[in-house]
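What follows is entry-v8.pdb (PDB, C-alpha atoms and all ligand atoms).
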```pdb
ATOM      1  CA  MET A   1      25.916   5.714   5.429
ATOM      2  CA  PRO A   2      24.179   7.474   8.366
ATOM      3  CA  THR A   3      24.568   5.677  11.693
ATOM      4  CA  ASN A   4      21.498   6.780  13.662
ATOM      5  CA  ALA A   5      19.946   3.851  15.553
ATOM      6  CA  LEU A   6      17.052   2.080  13.878
ATOM      7  CA  SER A   7      14.248   0.447  15.849
ATOM      8  CA  GLY A   8      13.307  -3.149  15.131
ATOM      9  CA  ARG A   9       9.925  -2.458  16.717
ATOM     10  CA  HIS A  10       9.096   0.146  14.124
ATOM     11  CA  ALA A  11       8.036  -1.063  10.653
ATOM     12  CA  VAL A  12       7.292   0.868   7.472
ATOM     13  CA  TYR A  13       4.855  -0.321   4.802
ATOM     14  CA  THR A  14       5.350   1.460   1.488
ATOM     15  CA  GLY A  15       3.319   1.438  -1.702
ATOM     16  CA  SER A  16       1.412   3.641  -4.096
ATOM     17  CA  PHE A  17      -1.945   3.135  -2.341
ATOM     18  CA  ASP A  18      -3.710   4.396  -5.462
ATOM     19  CA  PRO A  19      -6.108   3.881  -3.724
ATOM     20  CA  ILE A  20      -5.781   1.931  -0.442
ATOM     21  CA  THR A  21      -7.579  -1.458  -0.706
ATOM     22  CA  LEU A  22      -8.957  -4.024   1.746
ATOM     23  CA  GLY A  23      -5.797  -6.056   1.067
ATOM     24  CA  HIS A  24      -3.568  -3.154   2.154
ATOM     25  CA  ARG A  25      -5.755  -2.498   5.200
ATOM     26  CA  ASP A  26      -5.508  -6.147   6.224
ATOM     27  CA  ILE A  27      -1.687  -6.133   6.048
ATOM     28  CA  ILE A  28      -1.568  -2.830   7.968
ATOM     29  CA  THR A  29      -3.943  -4.059  10.695
ATOM     30  CA  ARG A  30      -1.986  -7.283  11.153
ATOM     31  CA  GLY A  31       1.356  -5.435  11.015
ATOM     32  CA  ALA A  32       0.153  -2.945  13.627
ATOM     33  CA  ALA A  33      -0.654  -5.858  15.935
ATOM     34  CA  VAL A  34       2.908  -7.183  15.658
ATOM     35  CA  PHE A  35       5.013  -3.993  15.690
ATOM     36  CA  GLU A  36       4.967  -1.194  18.267
ATOM     37  CA  LYS A  37       4.712   1.388  15.528
ATOM     38  CA  LEU A  38       3.812   1.155  11.856
ATOM     39  CA  THR A  39       4.340   3.945   9.369
ATOM     40  CA  VAL A  40       2.495   3.734   6.067
ATOM     41  CA  GLY A  41       4.581   5.484   3.402
ATOM     42  CA  ILE A  42       2.743   6.631   0.304
ATOM     43  CA  GLY A  43       5.352   6.738  -2.435
ATOM     44  CA  ILE A  44       5.382   9.714  -4.778
ATOM     45  CA  ASN A  45       6.972   8.550  -7.999
ATOM     46  CA  PRO A  46       7.060  11.178 -10.768
ATOM     47  CA  GLU A  47       7.330   8.409 -13.379
ATOM     48  CA  LYS A  48       4.013   6.824 -12.387
ATOM     49  CA  ARG A  49       0.727   8.423 -13.384
ATOM     50  CA  PRO A  50      -1.532   7.726 -10.404
ATOM     51  CA  LEU A  51      -5.296   8.216 -10.485
ATOM     52  CA  PHE A  52      -5.285  10.026  -7.138
ATOM     53  CA  THR A  53      -3.032  12.922  -6.079
ATOM     54  CA  PRO A  54      -0.683  12.343  -3.123
ATOM     55  CA  ASP A  55      -2.967  14.483  -0.912
ATOM     56  CA  GLU A  56      -6.031  12.440  -1.917
ATOM     57  CA  ARG A  57      -4.236   9.146  -1.231
ATOM     58  CA  LEU A  58      -2.985  10.477   2.111
ATOM     59  CA  SER A  59      -6.385  11.673   3.235
ATOM     60  CA  MET A  60      -8.170   8.429   2.214
ATOM     61  CA  ALA A  61      -5.541   6.261   3.952
ATOM     62  CA  ARG A  62      -5.687   8.385   7.138
ATOM     63  CA  ASP A  63      -9.455   8.138   7.134
ATOM     64  CA  VAL A  64      -9.425   4.342   6.655
ATOM     65  CA  LEU A  65      -6.725   3.767   9.311
ATOM     66  CA  ALA A  66      -7.941   6.305  11.894
ATOM     67  CA  SER A  67      -8.888   3.611  14.417
ATOM     68  CA  LEU A  68      -5.335   2.206  14.604
ATOM     69  CA  PRO A  69      -3.494   4.311  17.229
ATOM     70  CA  ASN A  70       0.034   3.081  16.452
ATOM     71  CA  VAL A  71      -0.251   3.680  12.695
ATOM     72  CA  GLU A  72       0.770   6.914  11.037
ATOM     73  CA  VAL A  73       0.515   7.730   7.346
ATOM     74  CA  CYS A  74       2.755  10.053   5.370
ATOM     75  CA  CYS A  75       4.015  10.621   1.844
ATOM     76  CA  PHE A  76       7.596  10.216   0.744
ATOM     77  CA  SER A  77       9.661  10.488  -2.393
ATOM     78  CA  GLY A  78      12.961   8.832  -3.168
ATOM     79  CA  LEU A  79      14.255   5.481  -2.014
ATOM     80  CA  ALA A  80      12.174   3.479   0.447
ATOM     81  CA  VAL A  81      15.271   2.505   2.485
ATOM     82  CA  GLU A  82      16.112   6.201   2.919
ATOM     83  CA  PHE A  83      12.565   6.852   4.065
ATOM     84  CA  LEU A  84      12.942   4.075   6.670
ATOM     85  CA  ARG A  85      16.130   5.740   7.962
ATOM     86  CA  GLU A  86      14.337   9.078   8.207
ATOM     87  CA  CYS A  87      11.615   7.338  10.251
ATOM     88  CA  GLY A  88      14.179   5.493  12.403
ATOM     89  CA  ALA A  89      12.568   2.176  11.394
ATOM     90  CA  ARG A  90      14.493  -1.019  10.805
ATOM     91  CA  VAL A  91      11.760  -3.182   9.295
ATOM     92  CA  MET A  92      10.273  -2.944   5.825
ATOM     93  CA  LEU A  93       6.854  -4.635   5.879
ATOM     94  CA  ARG A  94       5.551  -6.153   2.635
ATOM     95  CA  GLY A  95       2.534  -8.224   1.635
ATOM     96  CA  LEU A  96       2.700 -11.340  -0.545
ATOM     97  CA  ARG A  97      -0.229 -12.395  -2.692
ATOM     98  CA  THR A  98       0.963 -14.669  -5.460
ATOM     99  CA  LEU A  99       3.980 -16.503  -6.793
ATOM    100  CA  SER A 100       4.718 -13.550  -9.048
ATOM    101  CA  ASP A 101       4.674 -11.264  -5.989
ATOM    102  CA  ILE A 102       7.276 -13.536  -4.397
ATOM    103  CA  GLU A 103       9.592 -13.148  -7.373
ATOM    104  CA  SER A 104       9.372  -9.370  -7.569
ATOM    105  CA  GLU A 105       9.337  -8.844  -3.806
ATOM    106  CA  PHE A 106      12.384 -11.095  -3.350
ATOM    107  CA  THR A 107      14.305  -9.064  -5.936
ATOM    108  CA  MET A 108      13.267  -5.831  -4.256
ATOM    109  CA  ALA A 109      14.224  -7.133  -0.812
ATOM    110  CA  LEU A 110      17.688  -8.095  -2.101
ATOM    111  CA  ALA A 111      18.123  -4.680  -3.732
ATOM    112  CA  ASN A 112      17.082  -2.946  -0.530
ATOM    113  CA  ARG A 113      19.480  -5.081   1.494
ATOM    114  CA  ALA A 114      22.302  -4.110  -0.868
ATOM    115  CA  LEU A 115      21.346  -0.446  -0.449
ATOM    116  CA  ASP A 116      21.104  -0.648   3.344
ATOM    117  CA  PRO A 117      22.086  -3.949   5.011
ATOM    118  CA  GLU A 118      20.662  -2.897   8.399
ATOM    119  CA  ILE A 119      17.131  -2.870   7.072
ATOM    120  CA  GLU A 120      15.236  -6.174   7.181
ATOM    121  CA  THR A 121      12.229  -6.969   5.010
ATOM    122  CA  VAL A 122       9.416  -8.866   6.712
ATOM    123  CA  PHE A 123       6.612 -10.443   4.672
ATOM    124  CA  LEU A 124       3.038 -11.158   5.681
ATOM    125  CA  MET A 125       1.034 -13.561   3.550
ATOM    126  CA  ALA A 126      -2.092 -12.019   2.109
ATOM    127  CA  SER A 127      -5.297 -13.255   3.697
ATOM    128  CA  GLU A 128      -7.080 -15.713   1.435
ATOM    129  CA  LYS A 129     -10.119 -13.485   1.028
ATOM    130  CA  PHE A 130      -8.025 -10.502  -0.132
ATOM    131  CA  SER A 131      -5.277 -12.145  -2.163
ATOM    132  CA  HIS A 132      -6.904 -11.332  -5.526
ATOM    133  CA  ILE A 133      -7.206  -7.613  -4.779
ATOM    134  CA  SER A 134      -4.975  -4.987  -6.358
ATOM    135  CA  SER A 135      -5.369  -1.234  -6.844
ATOM    136  CA  SER A 136      -5.307  -1.674 -10.628
ATOM    137  CA  LEU A 137      -8.114  -4.272 -10.541
ATOM    138  CA  ILE A 138     -10.409  -2.040  -8.529
ATOM    139  CA  LYS A 139      -9.800   0.894 -10.894
ATOM    140  CA  GLN A 140     -10.984  -1.320 -13.752
ATOM    141  CA  VAL A 141     -14.066  -2.395 -11.811
ATOM    142  CA  ALA A 142     -14.887   1.254 -11.050
ATOM    143  CA  GLN A 143     -14.394   2.334 -14.646
ATOM    144  CA  LEU A 144     -16.158  -0.532 -16.408
ATOM    145  CA  GLY A 145     -18.629  -1.765 -13.797
ATOM    146  CA  ARG A 146     -21.581   0.503 -14.680
ATOM    147  CA  HIS A 147     -24.494   0.430 -12.236
ATOM    148  CA  SER A 148     -23.334  -2.441 -10.050
ATOM    149  CA  ALA A 149     -19.915  -0.879  -9.453
ATOM    150  CA  ALA A 150     -20.646   0.805  -6.102
ATOM    151  CA  ALA A 151     -21.934  -2.382  -4.481
ATOM    152  CA  ARG A 152     -19.202  -4.578  -5.948
ATOM    153  CA  LEU A 153     -16.432  -2.146  -4.999
ATOM    154  CA  GLN A 154     -17.120  -2.669  -1.300
ATOM    155  CA  GLU A 155     -15.808  -6.205  -1.739
ATOM    156  CA  PHE A 156     -12.425  -4.695  -2.678
ATOM    157  CA  ILE A 157     -11.974  -1.328  -0.995
ATOM    158  CA  PRO A 158     -12.862   0.293   2.339
ATOM    159  CA  VAL A 159     -16.207   2.053   2.285
ATOM    160  CA  GLN A 160     -14.548   5.478   2.647
ATOM    161  CA  VAL A 161     -12.821   4.982  -0.724
ATOM    162  CA  VAL A 162     -15.902   4.043  -2.787
ATOM    163  CA  GLY A 163     -17.216   7.602  -3.283
ATOM    164  CA  PRO A 164     -13.877   9.194  -4.213
ATOM    165  CA  LEU A 165     -13.146   6.335  -6.642
ATOM    166  CA  LEU A 166     -16.494   6.513  -8.414
ATOM    167  CA  ALA A 167     -16.172  10.317  -8.605
ATOM    168  CA  LYS A 168     -12.970   9.908 -10.632
ATOM    169  CA  PHE A 169     -14.896   8.048 -13.327
ATOM    170  CA  SER A 170     -18.207   9.868 -13.272
ATOM    171  CA  GLY A 171     -18.854  11.308 -16.693
ATOM    172  CA  SER A 172     -16.109   9.286 -18.364
ATOM    173  CA  PRO A 173     -17.116   6.832 -21.099
ATOM    174  CA  GLN A 174     -17.463   3.377 -19.526
ATOM    175  CA  SER A 175     -16.944   1.302 -22.606
ATOM    176  CA  PRO A 176     -15.654   1.908 -26.125
ATOM    177  CA  ALA A 177     -18.305   3.183 -28.577
TER     178      ALA A 177
HETATM  179  P1  LIG A 201       2.830  -0.408  -5.716
HETATM  180  O1  LIG A 201       1.653   0.139  -6.476
HETATM  181  O2  LIG A 201       3.822   0.625  -5.283
HETATM  182  O3  LIG A 201       3.429  -1.655  -6.310
HETATM  183  P2  LIG A 201       1.093  -1.850  -4.080
HETATM  184  O4  LIG A 201      -0.003  -1.058  -3.503
HETATM  185  O5  LIG A 201       0.772  -2.703  -5.246
HETATM  186  O6  LIG A 201       2.241  -0.849  -4.347
HETATM  187  O7  LIG A 201       1.748  -2.816  -3.010
HETATM  188  C1  LIG A 201       2.326  -2.415  -1.796
HETATM  189  C2  LIG A 201       2.545  -3.653  -0.964
HETATM  190  O8  LIG A 201       1.275  -4.186  -0.593
HETATM  191  C3  LIG A 201       3.271  -4.805  -1.654
HETATM  192  O9  LIG A 201       4.070  -5.478  -0.713
HETATM  193  C4  LIG A 201       2.142  -5.694  -2.139
HETATM  194  O10 LIG A 201       2.549  -7.034  -2.297
HETATM  195  C5  LIG A 201       1.180  -5.540  -0.985
HETATM  196  N1  LIG A 201      -0.198  -5.794  -1.358
HETATM  197  C6  LIG A 201      -0.905  -5.178  -2.332
HETATM  198  N2  LIG A 201      -2.163  -5.694  -2.399
HETATM  199  C7  LIG A 201      -2.240  -6.644  -1.439
HETATM  200  C8  LIG A 201      -3.272  -7.568  -1.016
HETATM  201  N3  LIG A 201      -4.450  -7.615  -1.633
HETATM  202  N4  LIG A 201      -2.990  -8.410   0.000
HETATM  203  C9  LIG A 201      -1.778  -8.389   0.592
HETATM  204  N5  LIG A 201      -0.758  -7.557   0.236
HETATM  205  C10 LIG A 201      -0.987  -6.714  -0.764
END
```

What is this file in structure tokens?
Amino acid sequence: MPTNALSGRHAVYTGSFDPITLGHRDIITRGAAVFEKLTVGIGINPEKRPLFTPDERLSMARDVLASLPNVEVCCFSGLAVEFLRECGARVMLRGLRTLSDIESEFTMALANRALDPEIETVFLMASEKFSHISSSLIKQVAQLGRHSAAARLQEFIPVQVVGPLLAKFSGSPQSPA
């Protein structure tokens, strides 16, 4: 295992961010207030079929997070713990919404600890007003929401993401014939 020093003041928040939501932005803003540096890692997983390309996800996230000076956004592939080592970060930041999140996140944290015991996972509880938000939910709202979608989407995603999301579904059938 590599032995380069890891910083406990540097955290990494990984996810698909397909696309970035208000829930993600809330965790990132709060994480950036606690840690000296926060890297947002957009995972590129060839087995997933994301709606947005890695470049689209990167550019939307950078746009949304531009006002946070200690936050940087980049893409990565491979294991999250290896990405943390590359960044020199010791802390894996995660968000917790529901009981089912706790179960899956706990398993993932244990797996990551087995892979690299120096890395610690730190959890922030989702804010009450964002705890129902997920990237998959907002994709459904955009696809099925018809005329009210644009207004409703702003309850779930940053304003910069509304246009790109609606553009993905423009022209596609919105409900089965
Ligand atoms: P993936 O698609 O790779 O599972 P997600 O975007 O779903 O990634 O999640 C990345 C991290 O963000 C996870 O720790 C997840 O629990 C957290 N998260 C996702 N949505 C929210 C939200 N609305 N509030 C707080 N944390 C969230």

Applied to this file, what does the PyMOL selection byres (((not hetatm)) within 9 of (chain A and resi 201)) return in terms of residues, put as a ChimeraX atom specification?
/A:13-27,42-43,45,93-98,101-102,104-105,123-136,156

Report as a list in words all protein, DNA and RNA residues lying within 7 Å of Asn70 in chain A, evaluated on all atoms listed in the file, omitting residues in the same chain fewer than 3 positions from it.
Ala32, Glu36, Lys37 and Leu38 of chain A

Produce a file of the selected residues containing C-alpha atoms, as a short mmCIF file (atom, residue, chain, number, x, y, z; two decimals), keeping the file's coordinate frame.
```cif
data_model
loop_
_atom_site.label_atom_id
_atom_site.label_comp_id
_atom_site.auth_asym_id
_atom_site.auth_seq_id
_atom_site.Cartn_x
_atom_site.Cartn_y
_atom_site.Cartn_z
CA ALA A 32 0.15 -2.94 13.63
CA GLU A 36 4.97 -1.19 18.27
CA LYS A 37 4.71 1.39 15.53
CA LEU A 38 3.81 1.16 11.86
#
```

Can you work out the spacing between CA of Ile119 in chain A and CA of Val64 in chain A in Å, to one decimal?
27.5 Å

Find the residues near range 52-63 of chain A: any atom within 12 Å, counting only C-alpha atoms, skip ones fewer than 2 places away on the same chain, and give them as a ChimeraX atom specification.
/A:15-22,24-25,28,39-46,48-50,65-69,71-77,135,139,157-169

If we count only C-alpha atoms and set the cut-off at 10 Å, which residues sit around Thr121 in chain A, ignoring sequence neighbours fewer than 5 positions away in its own chain? Please answer as a list in words.
Ala11, Val12, Tyr13, Arg90, Val91, Met92, Leu93, Arg94, Glu105, Phe106, Met108, Ala109, Leu110, Asn112 and Arg113 of chain A

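Of the listed residues A:Leu51, A:Val34, A:Ala5, A:Leu99, the one whose atoms come nearest to Ala142 in chain A is A:Leu51, with distances taken using all atoms listed in the file.
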
Considering all atoms listed in the file, state which residue in the set A:Ala33, A:Val81, A:Ala150, A:Ile138 is at the smallest distance from Pro117 in chain A.
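Nearest to Pro117 in chain A: A:Val81.
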
Which is closer to Ser170 in chain A than all the others in A:Asn4, A:Thr29, A:Ser100, A:Gln143, using only C-alpha atoms?
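Of the candidates, the smallest distance to Ser170 in chain A is held by A:Gln143.
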
Two-atom distance - CA of Arg30 in chain A, CA of Glu120 in chain A (Å):
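According to the coordinates, CA of Arg30 in chain A and CA of Glu120 in chain A are separated by 17.7 Å.
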